[in-house]
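Reproduced below: model15.cif, with mmCIF, C-alpha atoms.
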```
data_query
loop_
_atom_site.label_atom_id
_atom_site.label_comp_id
_atom_site.auth_asym_id
_atom_site.auth_seq_id
_atom_site.Cartn_x
_atom_site.Cartn_y
_atom_site.Cartn_z
CA MET F 1 108.84 86.68 109.40
CA LYS F 2 110.58 84.72 106.69
CA VAL F 3 111.12 86.60 103.42
CA LYS F 4 108.81 84.31 101.42
CA THR F 5 106.08 84.40 104.06
CA SER F 6 106.29 88.18 104.23
CA ARG F 7 106.32 88.45 100.42
CA MET F 8 103.26 86.19 100.13
CA GLU F 9 101.33 88.27 102.69
CA VAL F 10 102.25 91.48 100.85
CA LEU F 11 101.23 89.85 97.54
CA LYS F 12 97.81 88.92 98.98
CA MET F 13 97.34 92.46 100.28
CA LEU F 14 98.31 93.97 96.93
CA ILE F 15 95.97 91.71 94.96
CA SER F 16 93.05 92.41 97.30
CA SER F 17 93.56 96.19 97.32
CA HIS F 18 94.72 97.05 93.77
CA GLU F 19 93.50 96.22 90.27
CA LEU F 20 96.58 94.48 88.92
CA GLY F 21 96.12 93.03 85.44
CA SER F 22 99.58 91.77 84.49
CA GLN F 23 102.56 90.13 86.12
CA GLU F 24 104.59 93.22 85.23
CA GLU F 25 102.19 95.38 87.25
CA VAL F 26 102.42 92.95 90.16
CA LEU F 27 106.24 92.92 89.98
CA GLN F 28 106.29 96.74 90.05
CA ALA F 29 103.91 96.87 93.01
CA LEU F 30 106.02 94.31 94.89
CA GLU F 31 109.18 96.30 94.13
CA LYS F 32 107.56 99.42 95.65
CA GLU F 33 107.05 97.34 98.79
CA GLY F 34 110.71 96.29 98.84
CA PHE F 35 110.48 92.89 97.14
CA LYS F 36 112.57 92.46 93.99
CA LEU F 37 111.90 89.10 92.36
CA THR F 38 111.87 87.44 88.97
CA GLN F 39 108.82 86.75 86.85
CA ALA F 40 109.37 83.01 87.40
CA THR F 41 109.26 83.43 91.19
CA LEU F 42 106.13 85.57 90.90
CA SER F 43 104.52 82.91 88.70
CA ARG F 44 105.22 80.25 91.35
CA ASP F 45 103.85 82.53 94.11
CA LEU F 46 100.64 83.23 92.14
CA LYS F 47 100.20 79.50 91.48
CA GLN F 48 100.74 78.66 95.18
CA LEU F 49 98.13 81.26 96.20
CA LYS F 50 95.74 79.90 93.52
CA VAL F 51 95.37 83.42 92.12
CA ALA F 52 93.08 83.74 89.09
CA LYS F 53 92.02 86.51 86.75
CA ALA F 54 88.49 87.87 86.77
CA ALA F 55 86.69 90.83 85.23
CA SER F 56 86.60 93.89 87.47
CA MET F 57 83.72 96.36 87.60
CA ASN F 58 85.20 98.29 84.66
CA GLY F 59 85.62 95.15 82.53
CA LYS F 60 89.40 94.94 82.90
CA TYR F 61 90.75 91.49 83.82
CA VAL F 62 92.62 91.61 87.13
CA TYR F 63 94.17 89.16 89.55
CA VAL F 64 91.91 87.93 92.36
CA LEU F 65 92.42 85.66 95.35
CA PRO F 66 90.44 82.40 95.53
CA ASN F 67 87.05 82.25 97.27
CA GLU F 68 86.66 86.01 97.15
CA THR F 69 84.30 86.62 94.28
CA MET F 70 82.36 89.24 96.25
CA TYR F 71 85.30 91.09 97.77
CA LYS F 72 85.40 94.88 97.96
CA ARG F 73 88.40 96.83 96.80
CA VAL F 74 89.74 99.56 99.04
CA THR F 75 89.34 102.92 97.28
CA THR F 76 92.33 104.57 98.95
CA PRO F 77 94.74 101.69 99.53
CA ARG F 78 97.58 101.98 101.97
CA SER F 79 100.90 100.32 101.26
CA ALA F 80 100.88 96.57 101.84
CA MET F 81 103.54 96.90 104.55
CA GLU F 82 101.33 99.42 106.42
CA MET F 83 98.43 97.00 106.13
CA LEU F 84 100.55 94.20 107.60
CA GLU F 85 101.44 96.36 110.61
CA THR F 86 97.81 96.27 111.78
CA SER F 87 95.95 93.04 112.30
CA GLY F 88 92.81 94.21 110.48
CA PHE F 89 90.72 92.71 113.28
CA ILE F 90 87.54 94.60 114.24
CA SER F 91 85.41 92.27 116.37
CA ILE F 92 84.47 88.71 117.24
CA ASN F 93 81.08 87.36 118.32
CA PHE F 94 79.95 83.86 119.25
CA SER F 95 76.70 81.90 119.07
CA GLY F 96 76.88 78.30 120.22
CA ASN F 97 79.79 76.59 118.49
CA MET F 98 80.05 79.27 115.80
CA GLY F 99 81.92 82.53 115.70
CA VAL F 100 82.04 85.50 113.36
CA ILE F 101 85.13 87.67 113.07
CA LYS F 102 84.74 91.07 111.41
CA THR F 103 87.85 92.55 109.76
CA ARG F 104 88.79 95.55 107.70
CA PRO F 105 88.15 94.99 103.97
CA GLY F 106 90.72 92.68 102.41
CA TYR F 107 92.03 91.21 105.68
CA ALA F 108 89.72 88.23 106.25
CA SER F 109 91.39 85.81 103.85
CA SER F 110 94.90 86.21 105.27
CA ILE F 111 93.69 86.13 108.89
CA ALA F 112 91.65 82.97 108.20
CA TYR F 113 94.68 81.42 106.51
CA ASN F 114 96.75 82.13 109.63
CA ILE F 115 94.02 80.72 111.90
CA ASP F 116 93.78 77.52 109.84
CA ASN F 117 97.55 77.07 109.85
CA CYS F 118 98.14 77.91 113.51
CA SER F 119 96.66 74.67 114.90
CA ILE F 120 94.33 76.16 117.49
CA PRO F 121 92.68 73.03 118.91
CA GLU F 122 89.44 74.83 119.81
CA ILE F 123 88.81 75.85 116.18
CA LEU F 124 87.75 73.20 113.66
CA GLY F 125 87.95 75.48 110.61
CA THR F 126 87.17 78.80 108.95
CA ILE F 127 85.45 80.22 105.90
CA ALA F 128 86.53 83.70 104.82
CA GLY F 129 85.08 86.41 102.66
CA ASP F 130 86.54 89.86 102.21
CA ASP F 131 85.82 91.32 105.66
CA THR F 132 84.18 88.44 107.55
CA ILE F 133 85.44 85.10 108.85
CA PHE F 134 83.08 82.34 109.94
CA ILE F 135 84.69 79.96 112.46
CA VAL F 136 83.44 76.63 113.70
CA VAL F 137 84.38 75.99 117.31
CA ARG F 138 84.77 72.55 118.88
CA GLU F 139 81.70 71.59 120.98
CA GLY F 140 82.01 72.45 124.66
CA THR F 141 84.64 75.14 124.08
CA ASN F 142 84.32 78.39 125.99
CA PRO F 143 84.61 81.52 123.79
CA ARG F 144 87.35 82.78 126.12
CA GLN F 145 89.48 79.74 125.16
CA VAL F 146 89.02 80.56 121.48
CA VAL F 147 90.01 84.20 122.03
CA GLU F 148 93.09 83.13 123.99
CA GLY F 149 94.12 80.89 121.08
CA LEU F 150 93.48 83.64 118.55
CA GLU F 151 95.44 86.22 120.55
CA ARG F 152 98.62 84.38 119.49
CA ILE F 153 98.03 85.53 115.90
CA ILE F 154 95.68 88.53 116.28
CA PRO F 155 96.81 91.05 118.89
CA ASN F 156 94.35 93.21 120.90
CA MET F 157 91.34 90.90 120.57
CA SER F 158 88.28 91.23 122.74
CA ILE F 159 84.79 89.69 122.74
CA ARG F 160 82.14 92.20 121.71
#
```
How does this structure look as structure tokens?
Amino acid sequence: MKVKTSRMEVLKMLISSHELGSQEEVLQALEKEGFKLTQATLSRDLKQLKVAKAASMNGKYVYVLPNETMYKRVTTPRSAMEMLETSGFISINFSGNMGVIKTRPGYASSIAYNIDNCSIPEILGTIAGDDTIFIVVREGTNPRQVVEGLERIIPNMSIR
């Protein structure tokens, strides 16, 4: 994985699993994961990810990923690198030309991003929450074809 791609994935994992309220906190968390970068680089990364600040349950303003207003924070977070070592995938189910992928909390957004950017011809698009991905499948596509396409980016998949 390229350094920037890896850094961006770690950044998404950190934001979705920790309450980080300042760029300094984010820089320190990234450094713990092995990424030393400048505040300017972090600013560009946050802008590219469309990260915003929102009030957490305790009223503190923290960084959040887009389209995840109802996400759940992990109470005992693992390191971001540990989280990247597992796919986060739990299950996939189909109904007609729709599919639902269940993931571990905090994984859906990055998995959906990878699906959307992997050019799987059987998948028209995704919508992700915190632990669920809704996929729209091209008409006439067999679920097995979708799973075969997804196996390129999500190892150990099976239809449940």
Atom-to-atom span, atom CA of F:Cys118 and atom CA of F:Leu27, Å: 29.1 Å
Surrounding residues of F:Lys102 excluding itself and chain neighbours under 5 positions, 7 Å, only C-alpha atoms, as an MDAnalysis selection string: chainID F and resid 89:92 131:133
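Selection check: the PyMOL selection byres ((chain F and resi 15) around 9) on the shown file gives Val10, Leu11, Lys12, Met13, Leu14, Ser16, Ser17, His18, Glu19, Leu20, Val26, Val51, Val62, Tyr63, Val64 and Leu65 of chain F.
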Test item: the PyMOL selection byres ((chain F and resi 140) around 12) resolved as a list of chain:residue names: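 So the PyMOL selection byres ((chain F and resi 140) around 12), applied here, picks out F:Gly96, F:Asn97, F:Met98, F:Glu122, F:Ile123, F:Val136, F:Val137, F:Arg138, F:Glu139, F:Thr141, F:Asn142, F:Pro143, F:Arg144, F:Gln145, F:Val146.
Once F:Lys36 and its same-chain neighbours fewer than 6 positions away are set aside, Val3, Lys4, Arg7, Glu24, Val26, Leu27, Gln28, Ala29, Leu30 and Leu42 of chain F remain within 12 Å of it when counting all atoms listed in the file.
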Residue among F:Phe134, F:Ile120, F:Ala55, F:Gly125 lying closest to F:Glu151, counting all atoms listed in the file: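 Smallest separation from F:Glu151 among the options: F:Ile120.
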Selection near F:Gly99, 6 Å with only C-alpha atoms, sequence-local residues under 3 positions removed, as number ranges by chain: F: 93-94, 134-135
